[in-house]
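So the structure is just underneath, and the comments pick up after that.
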Amino acid sequence: MKMLAFGRLSHLALDRLDIPPEVTDSEALRKFVAECWPELNDPRVQLAVNQTLVRDVVPLSPGDEIAFLPPMSGG
Amino acid sequence: MIRITSEPFDAGDELRAFLEVAGEGAVASFVGIVRGDGVDALTLDHYPGFTEKQVAALVDRLIERHRLAAALLVHRFGTMEPGETIMFAATAAPHRRAALDALDELIGQLKTDAPFWKKERRGEAEHWLEPPQATTAAPQQSCA
């Protein structure tokens with residue numbers, strides 16, 4: 001699983017986390033990463049799975065690209 | 001058509017090229033330039049692939065709604081200094097009202113919906129800009 005973060009979250013070393021096998025959906029992933037970085041549990045931080053925004057809980061696969069998107073400041 | 005680029009560009013060149021494909025009627029254009037106001041540098045973060053997809057969808061919706069003949073958006077990311085061109089937008093339509101309305105909507109929607117994250121540098125201090133209702137981030141733990 002590839003994890004990315006942007007803006008004020010871009011300094012987080014998400015790629016250095018080992019995701020345990022029991023983390024199989026987006027909600028479990030959010031809870032897992034929030035143990036290290038509580039700011040990722042902010043409801044204003046959106047999640048994109050394979051470059052598509054997801055609002056509901058979705059299943060995750062090992063090859064997925066997950067991105068944590070803080071509120072956007074626009075162009 | 002859209003282009004998200006880290007390279008500086010010349011808005012005049014972009015407009016000239018757009019006029020070649022715009023057809024007859026009206027062309028409206030907008031150039032965004034980085035403001036000073038005590039800011040030494042502005043950095044735009046983007047999500048490669050995702051940002052392009054979201055911005056292209058926004059432009060496509062406006063082309064359809066206003067029946068534009070053509071639309072172009074060029075937007076920078078990376079670090080810029082005051083005075084640098086950050087954005088060029090142009091719309092073309094058979095009549096001026098459609099071109100102007102579409103351009104106004106495009107700029108407005110980019111301000112709120114485009115997946116960019118801005119960081120200002122003032123002297124040695126840097127901070128990320130977020131919409132005003134943003135909550136304060138919790139203190140960071142060092143897990144990794």
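Every chain in the structure tokens has a letter given in the order shown (A, B, ...), and although residue numbers restart at 1 in each chain, ligands are simply numbered from 1 in the order shown.
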Report task. When you get a sec, could you note down which chain A residues fall within 10 Å of chain B, using only C-alpha atoms, as a PyMOL selection string? Result -> chain A and resi 4-10+12-18+33-44+48+50-53+67+69-75
Can you spit out the residues from that selection as a compact mmCIF listing (two decimals), in the first residue's frame, using C-alpha atoms?
```txt
# COMPACT_ATOMS: atom_id res chain seq x y z
CA LEU A 4 0.74 9.95 0.49
CA ALA A 5 -0.09 13.19 2.25
CA PHE A 6 -0.13 16.79 1.06
CA GLY A 7 -0.04 20.36 2.33
CA ARG A 8 0.43 20.65 6.08
CA LEU A 9 0.49 16.85 6.29
CA SER A 10 3.19 16.39 3.67
CA LEU A 12 4.45 12.93 7.81
CA ALA A 13 6.55 9.83 7.17
CA LEU A 14 3.57 7.70 6.19
CA ASP A 15 5.59 5.40 3.96
CA ARG A 16 7.66 4.29 6.93
CA LEU A 17 4.66 2.70 8.65
CA ASP A 18 4.14 -1.04 8.30
CA VAL A 33 -2.43 5.99 11.22
CA ALA A 34 -4.18 8.31 13.70
CA GLU A 35 -2.49 6.43 16.53
CA CYS A 36 0.72 8.01 15.33
CA TRP A 37 -0.69 11.23 13.88
CA PRO A 38 -4.01 12.27 15.45
CA GLU A 39 -4.36 15.10 12.93
CA LEU A 40 -5.16 12.48 10.27
CA ASN A 41 -8.42 11.75 12.09
CA ASP A 42 -9.64 15.31 11.51
CA PRO A 43 -12.95 14.93 9.59
CA ARG A 44 -11.79 17.74 7.31
CA ALA A 48 -8.47 9.44 -1.79
CA ASN A 50 -6.37 5.32 -6.18
CA GLN A 51 -6.90 9.03 -6.90
CA THR A 52 -10.64 8.96 -6.22
CA LEU A 53 -12.13 10.74 -3.20
CA ALA A 67 -3.78 9.90 -0.06
CA LEU A 69 -5.83 15.48 1.74
CA PRO A 70 -6.11 18.36 4.22
CA PRO A 71 -8.48 21.24 3.40
CA MET A 72 -7.47 22.61 0.00
CA SER A 73 -6.41 26.20 -0.33
CA GLY A 74 -7.27 26.37 -4.02
CA GLY A 75 -5.40 27.78 -6.97
```
Requested in this report: For stretch 12-22 of chain B, list every protein, DNA or RNA residue within 10 Å, evaluated using only C-alpha atoms, and leave out those in the same chain fewer than 3 positions away; present the list as a PyMOL selection string.
Outcome: chain B and resi 9+25-31+68-74+88-94
Requested in this report: Could you give me the residues within chain A that DSSP places in strand (DSSP E), as number ranges by chain?
Outcome: A: 2-5, 46-49, 52-54, 65-69
Please produce a file of the residues just selected, as a short mmCIF file (atom, residue, chain, number, x, y, z; two decimals), in the first residue's frame, where the atoms kept are C-alpha atoms.
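Written file, selection-v7.cif:
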```
data_model
loop_
_atom_site.label_atom_id
_atom_site.label_comp_id
_atom_site.auth_asym_id
_atom_site.auth_seq_id
_atom_site.Cartn_x
_atom_site.Cartn_y
_atom_site.Cartn_z
CA LYS A 2 1.38 3.39 -0.97
CA MET A 3 0.44 6.26 1.34
CA LEU A 4 0.74 9.95 0.49
CA ALA A 5 -0.09 13.19 2.25
CA GLN A 46 -10.30 13.73 3.05
CA LEU A 47 -9.15 10.36 1.82
CA ALA A 48 -8.47 9.44 -1.79
CA VAL A 49 -8.06 5.82 -2.83
CA THR A 52 -10.64 8.96 -6.22
CA LEU A 53 -12.13 10.74 -3.20
CA VAL A 54 -13.95 8.34 -0.88
CA GLU A 65 -2.55 4.31 -3.41
CA ILE A 66 -3.99 6.12 -0.40
CA ALA A 67 -3.78 9.90 -0.06
CA PHE A 68 -4.63 12.08 2.94
CA LEU A 69 -5.83 15.48 1.74
#
```
Requested in this report: Assign secondary structure with DSSP using the backbone only, and return the residues of chain A in alpha helix (DSSP H) as number ranges by chain.
Outcome: A: 26-36
May I have the selected residues written with C-alpha atoms, as a CSV table (one decimal), in the first residue's frame?
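For reference, out06.csv as written:
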```csv
chain,number,residue,atom,x,y,z
A,26,SER,CA,-10.3,2.8,4.9
A,27,GLU,CA,-11.8,3.3,8.3
A,28,ALA,CA,-9.3,0.8,9.9
A,29,LEU,CA,-6.5,2.5,8.1
A,30,ARG,CA,-7.5,6.0,9.4
A,31,LYS,CA,-7.6,4.6,13.0
A,32,PHE,CA,-4.3,2.9,12.6
A,33,VAL,CA,-2.4,6.0,11.2
A,34,ALA,CA,-4.2,8.3,13.7
A,35,GLU,CA,-2.5,6.4,16.5
A,36,CYS,CA,0.7,8.0,15.3
```
Report task. List the neighbours of A:Asp25 out to 10 Å using only C-alpha atoms; skip same-chain residues closer than 6 positions along the sequence, and give me the result as an MDAnalysis selection string. Result -> chainID A and resid 57:61
